[in-house]
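> Hey, dropping model04.cif in here, mmCIF, C-alpha atoms:
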data_model
#
loop_
_atom_site.label_atom_id
_atom_site.label_comp_id
_atom_site.auth_asym_id
_atom_site.auth_seq_id
_atom_site.Cartn_x
_atom_site.Cartn_y
_atom_site.Cartn_z
CA MET I 1 -8.81 0.47 1.12
CA GLY I 2 -11.45 1.59 -1.30
CA ARG I 3 -13.77 -0.99 -2.78
CA ALA I 4 -15.44 -0.84 -6.16
CA LYS I 5 -18.83 0.82 -5.89
CA ARG I 6 -19.99 -0.71 -9.14
CA ASP I 7 -18.60 -3.36 -11.41
CA GLY I 8 -17.06 -2.20 -14.65
CA HIS I 9 -13.98 -2.26 -16.79
CA PRO I 10 -10.79 -0.48 -15.71
CA PRO I 11 -9.00 1.98 -17.99
CA ARG I 12 -7.26 0.17 -20.85
CA PRO I 13 -3.71 1.30 -19.92
CA TRP I 14 -3.93 -0.80 -16.77
CA ALA I 15 -4.65 -3.88 -18.86
CA TRP I 16 -1.42 -3.19 -20.71
CA CYS I 17 0.40 -2.78 -17.39
CA VAL I 18 -0.86 -6.17 -16.27
CA LEU I 19 0.22 -7.68 -19.60
CA CYS I 20 3.69 -6.10 -19.36
CA SER I 21 4.07 -7.43 -15.82
CA ALA I 22 3.07 -10.88 -17.02
CA VAL I 23 5.66 -10.72 -19.81
CA LEU I 24 8.30 -9.65 -17.28
CA ALA I 25 7.32 -12.45 -14.92
CA ALA I 26 7.71 -14.96 -17.75
CA SER I 27 11.03 -13.55 -18.97
CA PRO I 28 14.51 -14.78 -18.00
CA ALA I 29 15.01 -11.55 -16.04
CA SER I 30 12.60 -12.83 -13.38
CA ARG I 31 14.51 -16.06 -12.83
CA PRO I 32 15.47 -15.16 -9.22
CA LEU I 33 11.78 -14.92 -8.32
CA SER I 34 9.70 -17.81 -7.09
CA ILE I 35 6.42 -18.64 -8.81
CA GLU I 36 4.53 -16.90 -6.02
CA GLN I 37 6.65 -13.75 -6.36
CA LYS I 38 6.05 -13.68 -10.11
CA LEU I 39 2.32 -13.89 -9.52
CA LEU I 40 2.56 -11.05 -7.01
CA LEU I 41 4.41 -8.95 -9.57
CA ILE I 42 1.39 -9.32 -11.86
CA ALA I 43 -1.06 -8.85 -8.99
CA TRP I 44 -0.05 -5.27 -8.18
CA PRO I 45 -1.09 -3.70 -11.50
CA ALA I 46 -4.13 -6.00 -11.47
CA SER I 47 -5.01 -4.58 -8.05
CA CYS I 48 -4.63 -1.06 -9.42
CA ALA I 49 -6.96 -1.97 -12.28
CA TRP I 50 -9.49 -3.42 -9.88
CA GLN I 51 -9.39 -0.32 -7.67
CA LEU I 52 -10.28 1.79 -10.69
CA CYS I 53 -13.16 -0.41 -11.85
CA ASP I 54 -15.74 1.88 -10.26
CA ARG I 55 -14.37 4.85 -12.22
CA ALA I 56 -14.07 3.29 -15.63
CA GLY I 57 -16.12 1.71 -18.35
CA ASP I 58 -19.57 2.35 -19.71
CA GLN I 59 -22.16 2.31 -16.95
CA GLU I 60 -24.60 0.62 -19.30
CA LYS I 61 -22.27 -2.32 -19.76
CA VAL I 62 -22.07 -3.78 -16.29
CA VAL I 63 -20.44 -7.08 -15.45
CA LYS I 64 -20.84 -8.90 -12.16
CA THR I 65 -17.15 -9.43 -11.48
CA PRO I 66 -14.52 -7.35 -13.30
CA TRP I 67 -11.63 -9.22 -14.85
CA PRO I 68 -8.98 -7.84 -12.44
CA ALA I 69 -10.86 -9.36 -9.51
CA LYS I 70 -11.10 -12.71 -11.29
CA LEU I 71 -7.40 -12.55 -12.14
CA LEU I 72 -6.44 -11.81 -8.53
CA GLN I 73 -8.55 -14.69 -7.29
CA LEU I 74 -7.08 -17.04 -9.91
CA MET I 75 -3.48 -16.08 -9.09
CA THR I 76 -4.16 -16.55 -5.39
CA ALA I 77 -5.49 -20.04 -6.08
CA LEU I 78 -2.41 -20.84 -8.19
CA SER I 79 -0.06 -19.60 -5.48
CA GLY I 80 -1.90 -21.69 -2.90
CA LEU I 81 -1.55 -24.76 -5.11
CA SER I 82 2.16 -24.09 -5.61
CA PHE I 83 2.59 -23.60 -1.86
CA PHE I 84 0.86 -26.91 -1.14
CA VAL I 85 2.99 -28.77 -3.70
CA LYS I 86 6.20 -27.39 -2.18
CA LEU I 87 4.99 -28.29 1.30
CA THR I 88 4.22 -31.89 0.35
CA LYS I 89 7.48 -32.35 -1.57
CA ASP I 90 9.84 -31.07 1.10
CA ALA I 91 8.59 -29.76 4.42
CA ALA I 92 12.08 -28.45 5.20
CA VAL I 93 12.17 -26.06 2.25
CA GLN I 94 11.72 -22.36 3.01
CA LEU I 95 8.12 -21.81 2.02
CA PRO I 96 6.94 -18.59 0.32
CA TRP I 97 4.81 -17.40 3.22
CA LEU I 98 4.93 -13.69 2.43
CA PRO I 99 4.10 -13.85 -1.31
CA CYS I 100 1.20 -16.24 -0.73
CA ALA I 101 -0.11 -14.17 2.17
CA SER I 102 0.16 -10.99 0.10
CA LEU I 103 -1.76 -12.50 -2.81
CA LEU I 104 -4.44 -13.74 -0.44
CA SER I 105 -4.73 -10.27 1.08
CA LEU I 106 -5.12 -8.65 -2.35
CA ALA I 107 -7.70 -11.21 -3.45
CA HIS I 108 -9.60 -10.75 -0.19
CA MET I 109 -10.18 -7.10 -1.09
CA THR I 110 -12.27 -8.24 -4.05
CA LEU I 111 -14.57 -10.19 -1.73
CA PRO I 112 -16.30 -7.66 0.55
CA SER I 113 -18.60 -10.36 1.87
CA LEU I 114 -15.60 -11.78 3.74
CA GLU I 115 -14.87 -8.53 5.57
CA LEU I 116 -13.66 -9.06 9.14
CA PRO I 117 -14.77 -6.86 12.06
CA LEU I 118 -12.91 -3.52 12.02
CA GLY I 119 -11.15 -4.73 8.88
CA ASP I 120 -10.77 -1.18 7.58
CA PHE I 121 -8.74 -0.25 10.66
CA ILE I 122 -6.99 -3.45 11.76
CA PRO I 123 -4.94 -5.51 9.26
CA TRP I 124 -5.87 -8.84 10.80
CA TRP I 125 -4.29 -10.95 8.09
CA SER I 126 -1.01 -9.03 8.15
CA LEU I 127 -0.88 -9.28 11.94
CA LEU I 128 -1.43 -13.03 11.80
CA VAL I 129 1.16 -13.70 9.10
CA LEU I 130 3.85 -11.41 10.50
CA GLY I 131 3.16 -12.66 14.01
CA MET I 132 3.75 -16.23 12.87
CA ILE I 133 6.98 -15.22 11.13
CA ALA I 134 8.15 -13.32 14.22
CA THR I 135 7.59 -16.31 16.48
CA LEU I 136 8.24 -19.28 14.19
CA GLY I 137 10.21 -17.94 11.24
CA SER I 138 13.94 -18.02 10.66
CA SER I 139 16.15 -14.96 10.98
CA ASP I 140 16.13 -14.59 7.18
CA MET I 141 12.33 -14.64 7.09
CA ARG I 142 12.14 -12.01 9.83
CA ALA I 143 14.58 -9.80 7.95
CA GLU I 144 12.60 -10.18 4.72
CA ALA I 145 9.43 -9.17 6.55
CA GLY I 146 11.11 -6.09 7.99
CA LEU I 147 10.95 -7.36 11.56
CA THR I 148 14.15 -5.52 12.39
CA LEU I 149 14.92 -1.93 13.33
CA GLY I 150 17.61 -1.44 10.71
CA ARG I 151 20.08 1.42 10.56
CA MET I 152 19.17 4.62 12.36
CA ASP I 153 22.35 6.57 11.80
CA GLY I 154 24.55 8.03 9.09
CA ALA I 155 23.19 8.66 5.61
CA PRO I 156 19.80 6.93 6.13
CA LEU I 157 19.10 9.15 9.14
CA LEU I 158 20.22 12.29 7.30
CA TRP I 159 18.07 11.58 4.25
CA SER I 160 15.14 10.70 6.49
CA ALA I 161 15.39 14.13 8.12
CA ILE I 162 15.48 15.75 4.68
CA CYS I 163 12.45 13.71 3.60
CA ALA I 164 10.56 14.74 6.74
CA ALA I 165 11.18 18.42 6.02
CA ILE I 166 10.25 18.14 2.33
CA SER I 167 7.11 16.07 2.97
CA THR I 168 5.91 18.54 5.59
CA VAL I 169 6.33 21.47 3.22
CA ALA I 170 4.68 19.51 0.39
CA LEU I 171 1.66 18.51 2.49
CA VAL I 172 1.13 22.00 3.89
CA GLY I 173 1.54 23.49 0.41
CA TRP I 174 -0.93 21.03 -1.09
CA SER I 175 -3.48 21.73 1.63
CA LYS I 176 -3.16 25.50 1.90
CA ILE I 177 -2.23 26.52 -1.64
CA TRP I 178 -3.19 23.78 -4.10
CA VAL I 179 -6.61 22.72 -2.78
CA ARG I 180 -7.19 25.57 -0.28
CA GLY I 181 -8.56 23.31 2.42
CA ASN I 182 -10.73 21.24 0.09
CA HIS I 183 -9.38 17.90 1.28
CA GLY I 184 -12.30 15.90 -0.08
CA PRO I 185 -14.36 13.23 1.71
CA ILE I 186 -11.53 12.35 4.05
CA GLN I 187 -11.92 15.74 5.75
CA ASP I 188 -15.45 14.89 6.91
CA ALA I 189 -14.42 11.35 7.82
CA LEU I 190 -11.43 12.32 9.96
CA ALA I 191 -12.50 15.65 11.44
CA PRO I 192 -14.73 14.16 14.19
CA LEU I 193 -11.78 12.08 15.41
CA MET I 194 -9.28 14.92 15.52
CA SER I 195 -8.20 16.76 18.66
CA PRO I 196 -4.80 17.91 19.93
CA ALA I 197 -4.69 14.82 22.14
CA SER I 198 -5.71 12.30 19.47
CA VAL I 199 -3.45 13.38 16.60
CA LEU I 200 -0.32 11.49 17.65
CA PRO I 201 -2.01 8.24 18.78
CA LEU I 202 -4.06 8.06 15.59
CA ALA I 203 -0.97 8.79 13.50
CA VAL I 204 0.91 5.95 15.19
CA VAL I 205 -1.99 3.53 14.69
CA ASN I 206 -2.47 4.46 11.03
CA ALA I 207 1.25 4.30 10.25
CA PHE I 208 1.51 0.91 11.95
CA ARG I 209 -1.52 -0.40 10.05
CA GLU I 210 -0.29 0.71 6.62
CA GLU I 211 3.36 -0.22 7.08
CA LEU I 212 2.45 -3.63 8.43
CA GLN I 213 0.58 -4.40 5.24
CA PHE I 214 2.43 -2.48 2.55
CA ARG I 215 6.13 -2.44 3.34
CA MET I 216 6.44 -5.37 5.68
CA MET I 217 4.18 -7.88 3.96
CA PHE I 218 3.66 -6.68 0.36
CA LEU I 219 7.12 -5.24 -0.31
CA GLY I 220 8.84 -7.84 1.85
CA ALA I 221 7.24 -10.54 -0.26
CA VAL I 222 9.10 -9.53 -3.43
CA LEU I 223 12.33 -8.77 -1.60
CA ALA I 224 12.51 -12.31 -0.25
CA GLY I 225 15.03 -14.88 -1.39
CA ASP I 226 17.32 -14.06 -4.30
CA ALA I 227 15.14 -11.26 -5.69
CA THR I 228 17.28 -8.51 -4.18
CA ASP I 229 20.26 -9.74 -6.20
CA SER I 230 18.63 -8.24 -9.30
CA LYS I 231 18.60 -4.44 -9.38
CA LEU I 232 16.14 -4.52 -12.28
CA LEU I 233 13.61 -6.62 -10.37
CA THR I 234 14.05 -4.54 -7.23
CA THR I 235 13.48 -1.32 -9.19
CA ILE I 236 10.38 -2.65 -10.93
CA SER I 237 8.98 -4.08 -7.70
CA VAL I 238 9.45 -0.79 -5.87
CA ALA I 239 7.84 1.13 -8.74
CA LEU I 240 4.80 -1.16 -8.90
CA HIS I 241 4.42 -1.26 -5.14
CA SER I 242 4.58 2.53 -4.77
CA THR I 243 2.16 3.01 -7.66
CA PHE I 244 -0.38 0.80 -5.93
CA PHE I 245 0.11 2.65 -2.63
CA ALA I 246 -0.23 6.06 -4.31
CA LEU I 247 -3.32 5.00 -6.25
CA LEU I 248 -5.23 4.40 -3.04
CA HIS I 249 -4.61 8.04 -2.08
CA TYR I 250 -5.60 9.19 -5.54
CA LEU I 251 -8.97 7.53 -5.00
CA GLY I 252 -9.73 9.43 -1.81
CA GLY I 253 -6.84 9.67 0.61
CA PHE I 254 -4.84 12.66 1.79
CA PRO I 255 -3.45 14.06 -0.43
CA ARG I 256 -5.91 12.99 -3.11
CA GLY I 257 -6.39 13.41 -6.84
CA LEU I 258 -3.67 13.49 -9.47
CA SER I 259 -1.55 15.93 -7.47
CA GLY I 260 -1.88 13.70 -4.43
CA PHE I 261 -0.94 10.67 -6.50
CA VAL I 262 2.31 12.32 -7.61
CA LEU I 263 3.21 13.46 -4.09
CA VAL I 264 2.48 10.09 -2.49
CA LEU I 265 4.25 8.21 -5.28
CA ILE I 266 7.48 10.14 -4.70
CA TRP I 267 7.16 9.79 -0.93
CA SER I 268 6.40 6.06 -1.16
CA LEU I 269 9.34 5.47 -3.49
CA PHE I 270 11.63 7.01 -0.90
CA LEU I 271 10.15 4.90 1.91
CA ASP I 272 10.55 1.74 -0.17
CA ILE I 273 14.17 2.58 -0.91
CA LEU I 274 14.76 3.46 2.75
CA ARG I 275 13.29 0.09 3.77
CA ILE I 276 15.88 -1.64 1.58
CA TRP I 277 18.73 0.76 2.34
CA SER I 278 18.40 0.77 6.12
CA GLY I 279 17.62 -2.93 6.34
CA GLY I 280 14.69 -2.38 8.68
CA MET I 281 11.50 -0.48 9.42
CA ALA I 282 12.35 1.97 12.22
CA LEU I 283 13.06 5.04 10.09
CA VAL I 284 10.28 4.15 7.66
CA PHE I 285 7.77 3.95 10.49
CA LEU I 286 8.92 7.24 12.03
CA LEU I 287 8.62 9.02 8.69
CA HIS I 288 5.12 7.67 8.22
CA VAL I 289 4.09 8.84 11.68
CA GLN I 290 5.55 12.28 10.94
CA ALA I 291 3.57 12.54 7.70
CA ASP I 292 0.35 11.39 9.36
CA VAL I 293 0.79 13.88 12.20
CA THR I 294 1.11 16.64 9.60
CA ILE I 295 -1.98 15.41 7.74
CA PHE I 296 -4.10 15.09 10.87
CA LEU I 297 -3.07 18.55 12.07
CA LEU I 298 -4.07 20.01 8.69
CA VAL I 299 -7.45 18.27 8.95
CA LEU I 300 -7.88 19.58 12.49
CA LEU I 301 -6.97 23.15 11.52
CA GLU I 302 -9.30 23.06 8.52
CA ASP I 303 -12.14 21.77 10.69
CA ARG I 304 -11.62 24.59 13.18
CA ARG I 305 -11.49 27.13 10.35
CA ARG I 306 -14.82 25.89 9.02
CA GLN I 307 -16.38 25.94 12.47
CA HIS I 308 -15.21 29.52 12.94
CA LEU I 309 -16.70 30.54 9.59
CA ASN I 310 -20.01 28.90 10.48
CA GLN I 311 -20.13 30.77 13.78
CA THR I 312 -19.47 34.12 12.14
CA ASP I 313 -22.12 33.64 9.42
#
How does the structure come out when it is put into structure tokens?

Amino acid sequence: MGRAKRDGHPPRPWAWCVLCSAVLAASPASRPLSIEQKLLLIAWPASCAWQLCDRAGDQEKVVKTPWPAKLLQLMTALSGLSFFVKLTKDAAVQLPWLPCASLLSLAHMTLPSLELPLGDFIPWWSLLVLGMIATLGSSDMRAEAGLTLGRMDGAPLLWSAICAAISTVALVGWSKIWVRGNHGPIQDALAPLMSPASVLPLAVVNAFREELQFRMMFLGAVLAGDATDSKLLTTISVALHSTFFALLHYLGGFPRGLSGFVLVLIWSLFLDILRIWSGGMALVFLLHVQADVTIFLLVLLEDRRRQHLNQTD
């Protein structure tokens, strides 16, 4: 995930998004959510604001730590306190592992000094949390974390096939027509790793890494407990989650920019819905691998095209 290159203030609309999320979290509509889930609902737009800190504000007015980072750290501390209180009151109660772990993961991104080895490639924290849930958690906790295959037949399978076809056409169209091979910094970063033999393994690794963190831990955190009983909360959670996921591509992923943001937002919304609809992660993971294979092949083809042009010059 991208880190702020300089400290500054995010665009004002994101402050309003954080405020609106806070109002929602305090409203009666959020009653099915735990305190930790309410904090996470606020944390997603705050994370978006923090991600944009390096692109916003007056460069002459620099602050050491932008307010979204401070807010994320504060909410993580509050969730930890709430977790500890619940643990001391009744050890038998189902503790909010996923929401607390998700908040800690988001706050950790604001502290680059705590970066773990290969942290950009291996989601250590997600692996630890989900591994503990897989081995020690109840069946409900495993289901909330997406540690099930889910449905792989009927309507979910049909719509997954349609999504695969549409996403392939969209990615190829974006690459070949919209940006004409100008994939941005990610082209230079990925090209040295790409070969016909490495495309599929790298796609599997990247899909596993992102899904482990985003749809198993982050999304699973707000789908835990009674939250899924409210269609309004589920809709808002999916929208905020997909916006955060798409924003990271807007800042430099593939596809990137505003057009990339729109494409990834639509795609992510479908994956989030599929995660809920199918009741598991199998189809979601396969769709992510398919998209990454398409992306990596486009990077590989563009790299070969550039090499050919350099040889002919």
> Would you please work out which residue, of I:Leu263, I:Leu24, I:Leu81, I:Val129, is nearest to Trp174 (chain I) when using all atoms listed in the file?
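The answer is I:Leu263, which sits nearest to Trp174 (chain I).
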> Could you build a table of the residues in region 126-220 of chain I lying no more than 12 Å from region 38-54 of chain I, giving for each the nearest pair of atoms and their separation in Å rounded to one decimal place, using only C-alpha atoms, ordered by chain and ascending residue number, as CSV?

residue,atom,partner,partner_atom,distance
I:Phe214,CA,I:Trp44,CA,11.4
I:Met217,CA,I:Leu40,CA,11.5
I:Phe218,CA,I:Leu40,CA,8.6
I:Leu219,CA,I:Leu40,CA,10.0
I:Gly220,CA,I:Leu40,CA,11.3
> Decode the PyMOL selection byres ((chain I and resi 276) around 12) for the given file into explicit residues and return them as a PyMOL selection string.
chain I and resi 143-146+148-151+156+215-216+219-220+222-224+228+231+234-235+237-238+269-275+277-284
> Give me a file of those residues, with C-alpha atoms, as a compact mmCIF listing (two decimals), keeping the file's coordinate frame.

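As a result, result35.txt now contains:
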# COMPACT_ATOMS: atom_id res chain seq x y z
CA ALA I 143 14.58 -9.80 7.95
CA GLU I 144 12.60 -10.18 4.72
CA ALA I 145 9.43 -9.17 6.55
CA GLY I 146 11.11 -6.09 7.99
CA THR I 148 14.15 -5.52 12.39
CA LEU I 149 14.92 -1.93 13.33
CA GLY I 150 17.61 -1.44 10.71
CA ARG I 151 20.08 1.42 10.56
CA PRO I 156 19.80 6.93 6.13
CA ARG I 215 6.13 -2.44 3.34
CA MET I 216 6.44 -5.37 5.68
CA LEU I 219 7.12 -5.24 -0.31
CA GLY I 220 8.84 -7.84 1.85
CA VAL I 222 9.10 -9.53 -3.43
CA LEU I 223 12.33 -8.77 -1.60
CA ALA I 224 12.51 -12.31 -0.25
CA THR I 228 17.28 -8.51 -4.18
CA LYS I 231 18.60 -4.44 -9.38
CA THR I 234 14.05 -4.54 -7.23
CA THR I 235 13.48 -1.32 -9.19
CA SER I 237 8.98 -4.08 -7.70
CA VAL I 238 9.45 -0.79 -5.87
CA LEU I 269 9.34 5.47 -3.49
CA PHE I 270 11.63 7.01 -0.90
CA LEU I 271 10.15 4.90 1.91
CA ASP I 272 10.55 1.74 -0.17
CA ILE I 273 14.17 2.58 -0.91
CA LEU I 274 14.76 3.46 2.75
CA ARG I 275 13.29 0.09 3.77
CA TRP I 277 18.73 0.76 2.34
CA SER I 278 18.40 0.77 6.12
CA GLY I 279 17.62 -2.93 6.34
CA GLY I 280 14.69 -2.38 8.68
CA MET I 281 11.50 -0.48 9.42
CA ALA I 282 12.35 1.97 12.22
CA LEU I 283 13.06 5.04 10.09
CA VAL I 284 10.28 4.15 7.66
> Could you tell me, as a PyMOL selection string, exactly which residues end up selected when the PyMOL selection byres ((chain I and resi 264) around 8) is applied to this structure?
chain I and resi 245-246+249+255+260-263+265-268
> Identify which of the residues I:Ala291, I:Ala26, I:Leu104, I:Leu128 lies closest to Ser79 (chain I), counting all atoms listed in the file when measuring atom-to-atom distances.
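Going through I:Ala291, I:Ala26, I:Leu104, I:Leu128 one by one, the smallest distance to Ser79 (chain I) is for I:Leu104.
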> Go through I:Val289, I:Ala170, I:Ile295, I:Cys20 one by one, measure the shortest atom-to-atom distance of each to Phe254 (chain I) using all atoms listed in the file, and give the residue with the smallest value.
I:Ile295
> If you measure from CA of Phe244 (chain I) to CA of Trp14 (chain I), what distance in Å do you get, rounded to one decimal?
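Separation between CA of Phe244 (chain I) and CA of Trp14 (chain I): 11.5 Å.
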> Might you pull out every residue within 9 Å of Ala29 (chain I), with all atoms listed in the file counted and same-chain residues fewer than 6 positions away left off, and present them as an MDAnalysis selection string?
chainID I and resid 230 232:233
> I need region 244-254 of chain I written out with all heavy atoms, as a PDB file, in the first residue's frame; please produce it.

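The resulting out.pdb:
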ATOM      1  N   PHE I 244     -12.122   2.303  -0.568  1.00  0.00           N
ATOM      2  CA  PHE I 244     -10.755   2.244  -0.050  1.00  0.00           C
ATOM      3  C   PHE I 244      -9.878   1.379  -0.948  1.00  0.00           C
ATOM      4  O   PHE I 244      -8.749   1.749  -1.293  1.00  0.00           O
ATOM      5  CB  PHE I 244     -10.781   1.698   1.377  1.00  0.00           C
ATOM      6  CG  PHE I 244      -9.422   1.581   2.020  1.00  0.00           C
ATOM      7  CD1 PHE I 244      -8.493   2.595   1.907  1.00  0.00           C
ATOM      8  CD2 PHE I 244      -9.083   0.452   2.750  1.00  0.00           C
ATOM      9  CE1 PHE I 244      -7.242   2.495   2.501  1.00  0.00           C
ATOM     10  CE2 PHE I 244      -7.840   0.339   3.349  1.00  0.00           C
ATOM     11  CZ  PHE I 244      -6.920   1.362   3.222  1.00  0.00           C
ATOM     12  N   PHE I 245     -10.391   0.234  -1.357  1.00  0.00           N
ATOM     13  CA  PHE I 245      -9.643  -0.675  -2.228  1.00  0.00           C
ATOM     14  C   PHE I 245      -9.339  -0.010  -3.569  1.00  0.00           C
ATOM     15  O   PHE I 245      -8.217  -0.096  -4.086  1.00  0.00           O
ATOM     16  CB  PHE I 245     -10.461  -1.953  -2.440  1.00  0.00           C
ATOM     17  CG  PHE I 245      -9.751  -3.014  -3.228  1.00  0.00           C
ATOM     18  CD1 PHE I 245      -8.807  -3.827  -2.630  1.00  0.00           C
ATOM     19  CD2 PHE I 245     -10.030  -3.206  -4.569  1.00  0.00           C
ATOM     20  CE1 PHE I 245      -8.143  -4.810  -3.360  1.00  0.00           C
ATOM     21  CE2 PHE I 245      -9.383  -4.182  -5.308  1.00  0.00           C
ATOM     22  CZ  PHE I 245      -8.435  -4.990  -4.700  1.00  0.00           C
ATOM     23  N   ALA I 246     -10.332   0.675  -4.137  1.00  0.00           N
ATOM     24  CA  ALA I 246     -10.145   1.321  -5.436  1.00  0.00           C
ATOM     25  C   ALA I 246      -9.190   2.504  -5.345  1.00  0.00           C
ATOM     26  O   ALA I 246      -8.443   2.787  -6.290  1.00  0.00           O
ATOM     27  CB  ALA I 246     -11.497   1.774  -5.990  1.00  0.00           C
ATOM     28  N   LEU I 247      -9.206   3.192  -4.211  1.00  0.00           N
ATOM     29  CA  LEU I 247      -8.339   4.357  -4.057  1.00  0.00           C
ATOM     30  C   LEU I 247      -6.868   3.982  -4.146  1.00  0.00           C
ATOM     31  O   LEU I 247      -6.051   4.726  -4.695  1.00  0.00           O
ATOM     32  CB  LEU I 247      -8.617   5.039  -2.714  1.00  0.00           C
ATOM     33  CG  LEU I 247      -7.792   6.297  -2.440  1.00  0.00           C
ATOM     34  CD1 LEU I 247      -8.258   7.435  -3.341  1.00  0.00           C
ATOM     35  CD2 LEU I 247      -7.883   6.698  -0.981  1.00  0.00           C
ATOM     36  N   LEU I 248      -6.522   2.816  -3.628  1.00  0.00           N
ATOM     37  CA  LEU I 248      -5.129   2.379  -3.676  1.00  0.00           C
ATOM     38  C   LEU I 248      -4.670   2.178  -5.116  1.00  0.00           C
ATOM     39  O   LEU I 248      -3.503   2.398  -5.440  1.00  0.00           O
ATOM     40  CB  LEU I 248      -4.960   1.088  -2.873  1.00  0.00           C
ATOM     41  CG  LEU I 248      -5.303   1.200  -1.388  1.00  0.00           C
ATOM     42  CD1 LEU I 248      -5.149  -0.142  -0.699  1.00  0.00           C
ATOM     43  CD2 LEU I 248      -4.435   2.247  -0.711  1.00  0.00           C
ATOM     44  N   HIS I 249      -5.581   1.760  -5.997  1.00  0.00           N
ATOM     45  CA  HIS I 249      -5.242   1.631  -7.412  1.00  0.00           C
ATOM     46  C   HIS I 249      -5.174   3.004  -8.074  1.00  0.00           C
ATOM     47  O   HIS I 249      -4.329   3.242  -8.941  1.00  0.00           O
ATOM     48  CB  HIS I 249      -6.265   0.744  -8.124  1.00  0.00           C
ATOM     49  CG  HIS I 249      -6.159  -0.701  -7.750  1.00  0.00           C
ATOM     50  ND1 HIS I 249      -6.613  -1.185  -6.546  1.00  0.00           N
ATOM     51  CD2 HIS I 249      -5.639  -1.766  -8.414  1.00  0.00           C
ATOM     52  CE1 HIS I 249      -6.374  -2.486  -6.485  1.00  0.00           C
ATOM     53  NE2 HIS I 249      -5.792  -2.862  -7.597  1.00  0.00           N
ATOM     54  N   TYR I 250      -6.042   3.892  -7.660  1.00  0.00           N
ATOM     55  CA  TYR I 250      -6.010   5.261  -8.181  1.00  0.00           C
ATOM     56  C   TYR I 250      -4.654   5.906  -7.926  1.00  0.00           C
ATOM     57  O   TYR I 250      -4.135   6.661  -8.755  1.00  0.00           O
ATOM     58  CB  TYR I 250      -7.116   6.076  -7.511  1.00  0.00           C
ATOM     59  CG  TYR I 250      -6.988   7.574  -7.680  1.00  0.00           C
ATOM     60  CD1 TYR I 250      -7.383   8.198  -8.856  1.00  0.00           C
ATOM     61  CD2 TYR I 250      -6.474   8.366  -6.650  1.00  0.00           C
ATOM     62  CE1 TYR I 250      -7.266   9.569  -9.012  1.00  0.00           C
ATOM     63  CE2 TYR I 250      -6.355   9.732  -6.793  1.00  0.00           C
ATOM     64  CZ  TYR I 250      -6.752  10.329  -7.976  1.00  0.00           C
ATOM     65  OH  TYR I 250      -6.632  11.684  -8.120  1.00  0.00           O
ATOM     66  N   LEU I 251      -4.044   5.578  -6.801  1.00  0.00           N
ATOM     67  CA  LEU I 251      -2.772   6.189  -6.426  1.00  0.00           C
ATOM     68  C   LEU I 251      -1.568   5.561  -7.115  1.00  0.00           C
ATOM     69  O   LEU I 251      -0.455   6.023  -6.931  1.00  0.00           O
ATOM     70  CB  LEU I 251      -2.588   6.097  -4.905  1.00  0.00           C
ATOM     71  CG  LEU I 251      -3.570   6.916  -4.067  1.00  0.00           C
ATOM     72  CD1 LEU I 251      -3.394   6.620  -2.592  1.00  0.00           C
ATOM     73  CD2 LEU I 251      -3.394   8.399  -4.337  1.00  0.00           C
ATOM     74  N   GLY I 252      -1.770   4.515  -7.888  1.00  0.00           N
ATOM     75  CA  GLY I 252      -0.608   3.960  -8.579  1.00  0.00           C
ATOM     76  C   GLY I 252      -0.695   2.491  -8.911  1.00  0.00           C
ATOM     77  O   GLY I 252       0.324   1.869  -9.212  1.00  0.00           O
ATOM     78  N   GLY I 253      -1.875   1.913  -8.856  1.00  0.00           N
ATOM     79  CA  GLY I 253      -2.008   0.503  -9.193  1.00  0.00           C
ATOM     80  C   GLY I 253      -2.298   0.313 -10.672  1.00  0.00           C
ATOM     81  O   GLY I 253      -2.027   1.176 -11.505  1.00  0.00           O
ATOM     82  N   PHE I 254      -2.844  -0.832 -10.994  1.00  0.00           N
ATOM     83  CA  PHE I 254      -3.227  -1.151 -12.374  1.00  0.00           C
ATOM     84  C   PHE I 254      -4.644  -1.705 -12.320  1.00  0.00           C
ATOM     85  O   PHE I 254      -4.858  -2.766 -11.731  1.00  0.00           O
ATOM     86  CB  PHE I 254      -2.275  -2.189 -12.959  1.00  0.00           C
ATOM     87  CG  PHE I 254      -2.475  -2.461 -14.434  1.00  0.00           C
ATOM     88  CD1 PHE I 254      -1.431  -2.320 -15.325  1.00  0.00           C
ATOM     89  CD2 PHE I 254      -3.704  -2.881 -14.940  1.00  0.00           C
ATOM     90  CE1 PHE I 254      -1.593  -2.591 -16.682  1.00  0.00           C
ATOM     91  CE2 PHE I 254      -3.889  -3.136 -16.283  1.00  0.00           C
ATOM     92  CZ  PHE I 254      -2.824  -2.987 -17.156  1.00  0.00           C
TER      93      PHE I 254
END
